[in-house]
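For reference, the structure is listed below as structure tokens.
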Amino acid sequence: MTVRSTAGPAIRVQGLEKAYGTKAVLRGVDFDVARGSIFALLGSNGAGKTTTIRILSTLLKADAGTAAVNGFDVATQPADVRESISLTGQFAAVDEILTGRENLVLVAKLRHVADPGAVADDLLDRFSLTEAAARRTATYSGGMRRRLDIAMSLIGDSPVIFLDEPTAGLDPEARIEVWQTVQELAGHGTTVLLTTQYLEEAEQLADRIAILHQGRIIVNGTLTELKQLLPPAEIEYVEKQPTLEDVFLAITKDRA
Ligand SMILES: Nc1ncnc2c1ncn2[C@@H]1O[C@H](COP(=O)(O)OP(=O)(O)OP(=O)(O)O)[C@@H](O)[C@H]1O
Ligand SMILES: [Mg+2]
């Protein structure tokens, strides 16, 4: 069992670089994620969000720089890192042949938890999937599948959870359900690193937001801090606060 290291941030990334062939994707990425916080990594298609998550979850080796998760170095202590994390990938990982409950029991057994059935039932309840528990997941809606996917990634109580575009393709209602789940997790002390292309998602959920652009983090702050980066609104009869989308577009335009 991994001893949970409590000092320092939950995630620390310093000078991370990664190229595929001659294509440099990460060109010196730095950020910290505080324990128990929700951190959103924003970026356009191909910005390197999934690449970053793959490096942090030890699925991919960086070319340079260091990254530590839960105090463990991803390059030299990968087994400890893997015991500290759970990962929900960009594409749902549920087995369609199995029912929702069977999927959960399977993961619980793989993770050697004490009472797989009870863990599964508890998660089904928390994710409002009890009624659908005995149905094959092939019949689930996109939102139900996502919720099951996230529920599966919670088995084992990992201190750090990575969610790669957790609400991609979901309708607004399902998206809000996933947001509530993520907020609940962070409320219980789990550290959440999520990637998203939905600016509203970052705006709603994240304690801190970082924008990954052309291989680097060009902005990293709270929503309030990010909004202050824009020049104050011109004098208007109605004052309009900039949305995160305004900030994102203005900042990435300057760097293009
Ligand atoms: N295995 C690979 N081999 C070559 N190029 C790759 C590989 N994986 C990713 N890339 C390229 O690296 C860049 C970053 O990809 P990545 O998947 O990290 O982006 P992303 O920010 O997650 O994008 P999206 O929002 O579309 O998911 C892209 O240009 C992608 O085509
Ligand atoms: Mg991606």
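Identifiers in the structure tokens: chain A, B, ... in order shown; residue index from 1 per chain; ligand index from 1 in order shown.
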Requested in this report: Please check which protein, DNA or RNA residues sit within 12 Å of ligand 1, counting only C-alpha atoms and all ligand atoms, and write them as a ChimeraX atom specification.
Outcome: /A:17-27,41-55,59-61,89-91,163-166,168,194-198,211-216
Output for the residues just chosen: N, CA and C atoms as a CSV table (one decimal), in the first residue's frame:
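File produced: out_9.csv:
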chain,number,residue,atom,x,y,z
A,17,GLU,N,8.8,18.5,-21.5
A,17,GLU,CA,8.9,18.6,-23.0
A,17,GLU,C,8.6,17.3,-23.6
A,18,LYS,N,7.9,17.4,-24.7
A,18,LYS,CA,7.6,16.1,-25.4
A,18,LYS,C,7.4,16.5,-26.9
A,19,ALA,N,8.1,15.7,-27.7
A,19,ALA,CA,8.0,15.8,-29.2
A,19,ALA,C,7.6,14.5,-29.8
A,20,TYR,N,6.8,14.5,-30.8
A,20,TYR,CA,6.5,13.3,-31.6
A,20,TYR,C,7.3,13.5,-32.9
A,21,GLY,N,8.3,12.7,-33.1
A,21,GLY,CA,9.2,12.9,-34.2
A,21,GLY,C,9.8,14.3,-34.1
A,22,THR,N,9.6,15.1,-35.1
A,22,THR,CA,10.1,16.5,-35.1
A,22,THR,C,9.1,17.5,-34.6
A,23,LYS,N,7.9,17.0,-34.3
A,23,LYS,CA,6.8,17.9,-33.9
A,23,LYS,C,6.9,18.1,-32.4
A,24,ALA,N,7.3,19.3,-31.9
A,24,ALA,CA,7.3,19.6,-30.5
A,24,ALA,C,5.9,19.9,-30.0
A,25,VAL,N,5.4,19.1,-29.1
A,25,VAL,CA,4.1,19.3,-28.6
A,25,VAL,C,4.1,20.1,-27.3
A,26,LEU,N,4.9,19.6,-26.3
A,26,LEU,CA,5.1,20.3,-25.1
A,26,LEU,C,6.5,20.9,-25.1
A,27,ARG,N,6.6,22.2,-24.8
A,27,ARG,CA,7.9,22.9,-25.0
A,27,ARG,C,8.3,23.6,-23.7
A,41,LEU,N,-7.1,22.2,-17.3
A,41,LEU,CA,-6.1,22.5,-18.4
A,41,LEU,C,-6.9,22.7,-19.6
A,42,LEU,N,-6.8,24.0,-20.1
A,42,LEU,CA,-7.6,24.3,-21.3
A,42,LEU,C,-6.6,24.4,-22.5
A,43,GLY,N,-7.2,24.1,-23.6
A,43,GLY,CA,-6.4,24.2,-24.9
A,43,GLY,C,-7.2,23.8,-26.1
A,44,SER,N,-6.8,24.2,-27.2
A,44,SER,CA,-7.5,23.9,-28.5
A,44,SER,C,-7.1,22.4,-28.8
A,45,ASN,N,-7.8,21.9,-29.8
A,45,ASN,CA,-7.4,20.6,-30.4
A,45,ASN,C,-6.0,20.5,-30.7
A,46,GLY,N,-5.3,19.5,-30.2
A,46,GLY,CA,-3.9,19.3,-30.5
A,46,GLY,C,-3.0,20.1,-29.7
A,47,ALA,N,-3.5,20.8,-28.6
A,47,ALA,CA,-2.6,21.6,-27.8
A,47,ALA,C,-1.6,20.8,-27.0
A,48,GLY,N,-2.0,19.5,-26.7
A,48,GLY,CA,-1.1,18.7,-25.9
A,48,GLY,C,-1.7,18.3,-24.5
A,49,LYS,N,-3.0,18.5,-24.4
A,49,LYS,CA,-3.7,18.1,-23.1
A,49,LYS,C,-3.6,16.7,-22.8
A,50,THR,N,-4.0,15.8,-23.8
A,50,THR,CA,-3.9,14.4,-23.5
A,50,THR,C,-2.5,13.9,-23.4
A,51,THR,N,-1.6,14.5,-24.1
A,51,THR,CA,-0.2,14.2,-24.0
A,51,THR,C,0.3,14.4,-22.5
A,52,THR,N,-0.1,15.6,-22.0
A,52,THR,CA,0.3,15.9,-20.6
A,52,THR,C,-0.3,14.9,-19.6
A,53,ILE,N,-1.6,14.5,-19.8
A,53,ILE,CA,-2.2,13.6,-18.9
A,53,ILE,C,-1.5,12.2,-19.0
A,54,ARG,N,-1.2,11.8,-20.2
A,54,ARG,CA,-0.5,10.5,-20.4
A,54,ARG,C,0.8,10.5,-19.7
A,55,ILE,N,1.5,11.6,-19.8
A,55,ILE,CA,2.8,11.6,-19.1
A,55,ILE,C,2.6,11.6,-17.6
A,59,LEU,N,1.8,6.7,-18.7
A,59,LEU,CA,1.6,6.0,-19.9
A,59,LEU,C,2.6,6.4,-21.0
A,60,LEU,N,3.2,7.5,-20.8
A,60,LEU,CA,4.1,8.1,-21.9
A,60,LEU,C,5.3,8.7,-21.2
A,61,LYS,N,6.5,8.6,-21.8
A,61,LYS,CA,7.7,9.2,-21.1
A,61,LYS,C,7.9,10.6,-21.7
A,89,GLY,N,-10.1,8.3,-19.4
A,89,GLY,CA,-9.6,8.8,-20.6
A,89,GLY,C,-10.6,9.6,-21.4
A,90,GLN,N,-10.1,10.0,-22.6
A,90,GLN,CA,-10.9,10.9,-23.4
A,90,GLN,C,-12.1,10.1,-24.0
A,91,PHE,N,-11.9,8.8,-24.1
A,91,PHE,CA,-13.0,8.0,-24.7
A,91,PHE,C,-13.4,6.9,-23.7
A,163,LEU,N,-9.1,13.5,-15.4
A,163,LEU,CA,-10.3,13.4,-16.3
A,163,LEU,C,-10.0,14.1,-17.6
A,164,ASP,N,-9.9,13.3,-18.6
A,164,ASP,CA,-9.6,13.9,-19.9
A,164,ASP,C,-10.9,14.2,-20.7
A,165,GLU,N,-11.2,15.5,-20.8
A,165,GLU,CA,-12.5,15.9,-21.4
A,165,GLU,C,-13.7,15.1,-20.9
A,166,PRO,N,-14.0,15.2,-19.6
A,166,PRO,CA,-15.0,14.4,-19.0
A,166,PRO,C,-16.4,14.6,-19.5
A,168,ALA,N,-17.1,15.7,-22.8
A,168,ALA,CA,-17.1,15.8,-24.3
A,168,ALA,C,-18.4,15.1,-24.8
A,194,LEU,N,-8.5,18.2,-14.7
A,194,LEU,CA,-9.3,17.8,-15.9
A,194,LEU,C,-8.9,18.7,-17.0
A,195,THR,N,-9.1,18.1,-18.2
A,195,THR,CA,-8.9,18.9,-19.4
A,195,THR,C,-10.2,19.2,-20.0
A,196,THR,N,-10.3,20.3,-20.7
A,196,THR,CA,-11.6,20.6,-21.4
A,196,THR,C,-11.4,21.6,-22.5
A,197,GLN,N,-12.3,21.5,-23.4
A,197,GLN,CA,-12.3,22.6,-24.4
A,197,GLN,C,-13.5,23.5,-24.2
A,198,TYR,N,-14.3,23.1,-23.2
A,198,TYR,CA,-15.5,23.9,-22.8
A,198,TYR,C,-15.1,24.9,-21.8
A,211,ILE,N,-4.0,27.7,-19.3
A,211,ILE,CA,-4.2,27.6,-20.8
A,211,ILE,C,-2.9,27.1,-21.4
A,212,LEU,N,-3.0,26.0,-22.1
A,212,LEU,CA,-1.9,25.4,-22.8
A,212,LEU,C,-2.0,25.8,-24.2
A,213,HIS,N,-0.9,26.5,-24.7
A,213,HIS,CA,-0.9,27.0,-26.0
A,213,HIS,C,0.5,27.0,-26.6
A,214,GLN,N,0.6,26.4,-27.8
A,214,GLN,CA,1.9,26.3,-28.5
A,214,GLN,C,2.9,25.7,-27.6
A,215,GLY,N,2.6,24.7,-26.8
A,215,GLY,CA,3.6,24.0,-26.0
A,215,GLY,C,3.9,24.5,-24.7
A,216,ARG,N,3.2,25.6,-24.3
A,216,ARG,CA,3.5,26.2,-23.0
A,216,ARG,C,2.3,26.6,-22.3
Query - Neighbour list for region 101-118 of chain A as a count of residues only, cut-off 10 Å, only C-alpha atoms, skip fewer than 2 positions in-chain - result: 29
Query raised in the report: Hey, what does DSSP flag as helix (DSSP H, G or I) within region 59-125 of chain A? Can you give it to me as number ranges by chain?
Result: A: 78-84, 100-110, 116-125
Query raised in the report: Which of these residues is nearest to Gln204 (chain A), using only C-alpha atoms: A:Ile251, A:Arg35, A:Thr243, A:Thr191?
Result: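 Using only C-alpha atoms, Gln204 (chain A) sits closest to A:Thr243.
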Requested in this report: Can you pull out every residue within 9 Å of Asn70 (chain A), counting only C-alpha atoms, but drop anything in the same chain fewer than 5 positions away, and send it as a ChimeraX atom specification?
Outcome: /A:4-12,35,80-81,84-85,159-160
Restricting the output to N, CA and C atoms, write the selected residues as a PDB file, in the first residue's frame.
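Output file again-v3.pdb follows:
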ATOM      1  N   ARG A   4       0.639   7.681   1.656  1.00  0.00           N
ATOM      2  CA  ARG A   4       0.239   8.924   1.030  1.00  0.00           C
ATOM      3  C   ARG A   4       1.145  10.042   1.528  1.00  0.00           C
ATOM      4  N   SER A   5       1.877  10.632   0.602  1.00  0.00           N
ATOM      5  CA  SER A   5       2.766  11.717   1.008  1.00  0.00           C
ATOM      6  C   SER A   5       1.943  13.001   1.057  1.00  0.00           C
ATOM      7  N   THR A   6       2.057  13.716   2.132  1.00  0.00           N
ATOM      8  CA  THR A   6       1.155  14.843   2.340  1.00  0.00           C
ATOM      9  C   THR A   6       1.823  16.193   2.110  1.00  0.00           C
ATOM     10  N   ALA A   7       3.150  16.191   1.984  1.00  0.00           N
ATOM     11  CA  ALA A   7       3.817  17.477   1.795  1.00  0.00           C
ATOM     12  C   ALA A   7       3.767  17.891   0.326  1.00  0.00           C
ATOM     13  N   GLY A   8       3.734  19.195   0.097  1.00  0.00           N
ATOM     14  CA  GLY A   8       3.830  19.699  -1.271  1.00  0.00           C
ATOM     15  C   GLY A   8       2.538  19.541  -2.043  1.00  0.00           C
ATOM     16  N   PRO A   9       2.556  20.047  -3.284  1.00  0.00           N
ATOM     17  CA  PRO A   9       1.343  19.988  -4.100  1.00  0.00           C
ATOM     18  C   PRO A   9       1.036  18.557  -4.534  1.00  0.00           C
ATOM     19  N   ALA A  10      -0.204  18.328  -4.944  1.00  0.00           N
ATOM     20  CA  ALA A  10      -0.595  16.993  -5.418  1.00  0.00           C
ATOM     21  C   ALA A  10       0.076  16.676  -6.749  1.00  0.00           C
ATOM     22  N   ILE A  11       0.250  17.713  -7.557  1.00  0.00           N
ATOM     23  CA  ILE A  11       0.899  17.530  -8.858  1.00  0.00           C
ATOM     24  C   ILE A  11       1.878  18.675  -9.047  1.00  0.00           C
ATOM     25  N   ARG A  12       3.088  18.332  -9.458  1.00  0.00           N
ATOM     26  CA  ARG A  12       4.079  19.374  -9.772  1.00  0.00           C
ATOM     27  C   ARG A  12       4.720  19.042 -11.107  1.00  0.00           C
ATOM     28  N   ARG A  35      -3.380  20.220  -3.399  1.00  0.00           N
ATOM     29  CA  ARG A  35      -4.187  19.078  -2.948  1.00  0.00           C
ATOM     30  C   ARG A  35      -5.639  19.483  -2.708  1.00  0.00           C
ATOM     31  N   ASP A  80       4.373   3.804  -7.802  1.00  0.00           N
ATOM     32  CA  ASP A  80       3.752   4.607  -6.746  1.00  0.00           C
ATOM     33  C   ASP A  80       2.784   5.616  -7.338  1.00  0.00           C
ATOM     34  N   VAL A  81       3.171   6.193  -8.472  1.00  0.00           N
ATOM     35  CA  VAL A  81       2.265   7.143  -9.133  1.00  0.00           C
ATOM     36  C   VAL A  81       0.986   6.423  -9.520  1.00  0.00           C
ATOM     37  N   SER A  84      -1.457   5.988  -6.935  1.00  0.00           N
ATOM     38  CA  SER A  84      -2.003   7.235  -6.394  1.00  0.00           C
ATOM     39  C   SER A  84      -3.097   7.834  -7.262  1.00  0.00           C
ATOM     40  N   ILE A  85      -3.265   7.299  -8.466  1.00  0.00           N
ATOM     41  CA  ILE A  85      -4.123   7.994  -9.429  1.00  0.00           C
ATOM     42  C   ILE A  85      -5.235   7.100  -9.951  1.00  0.00           C
ATOM     43  N   PRO A 159      -6.038   9.368  -4.419  1.00  0.00           N
ATOM     44  CA  PRO A 159      -5.980  10.770  -4.011  1.00  0.00           C
ATOM     45  C   PRO A 159      -5.995  11.750  -5.190  1.00  0.00           C
ATOM     46  N   VAL A 160      -5.589  11.280  -6.368  1.00  0.00           N
ATOM     47  CA  VAL A 160      -5.521  12.163  -7.537  1.00  0.00           C
ATOM     48  C   VAL A 160      -6.284  11.519  -8.689  1.00  0.00           C
TER      49      VAL A 160
END
Query raised in the report: Expressed in Å to a single decimal, how great is the separation between CA of Gly221 (chain A) and CA of Glu177 (chain A)?
Result: 25.2 Å
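Residues in contact range of Arg146 (chain A), defined as at most 8 Å between only C-alpha atoms, with sequence neighbours fewer than 2 positions away removed, read Ala92, Gly142, Gly143, Met144, Leu148, Asp149, Ile150, Pro166, Thr167 and Val178 of chain A.
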Requested in this report: Write out as a VMD selection string all residues of region 97-216 of chain A that backbone DSSP assigns to strand (DSSP E or B).
Outcome: chain A and resid 99 136 160 to 164 191 to 196 208 to 213 216
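Coordinates place CA of Ser57 (chain A) at a distance of 24.6 Å from CA of Leu170 (chain A).
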Query raised in the report: Using only C-alpha atoms, which of A:Thr181, A:Ile161, A:Thr76, A:Val29 sits nearest Arg147 (chain A)?
Result: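 Selected residue with least distance to Arg147 (chain A): A:Thr181.
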Requested in this report: Could you jot down the CA of Leu87 (chain A) to CA of Ile38 (chain A) separation for me, Å, one decimal place?
Outcome: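 These atoms are spaced 14.6 Å apart.
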Query - Using only C-alpha atoms: which of A:Phe127, A:Gly36, A:Leu199, A:Asp63 has the shortest distance to Ser158 (chain A) - result: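 Checking each of A:Phe127, A:Gly36, A:Leu199, A:Asp63 against Ser158 (chain A), counting only C-alpha atoms, the winner is A:Gly36.
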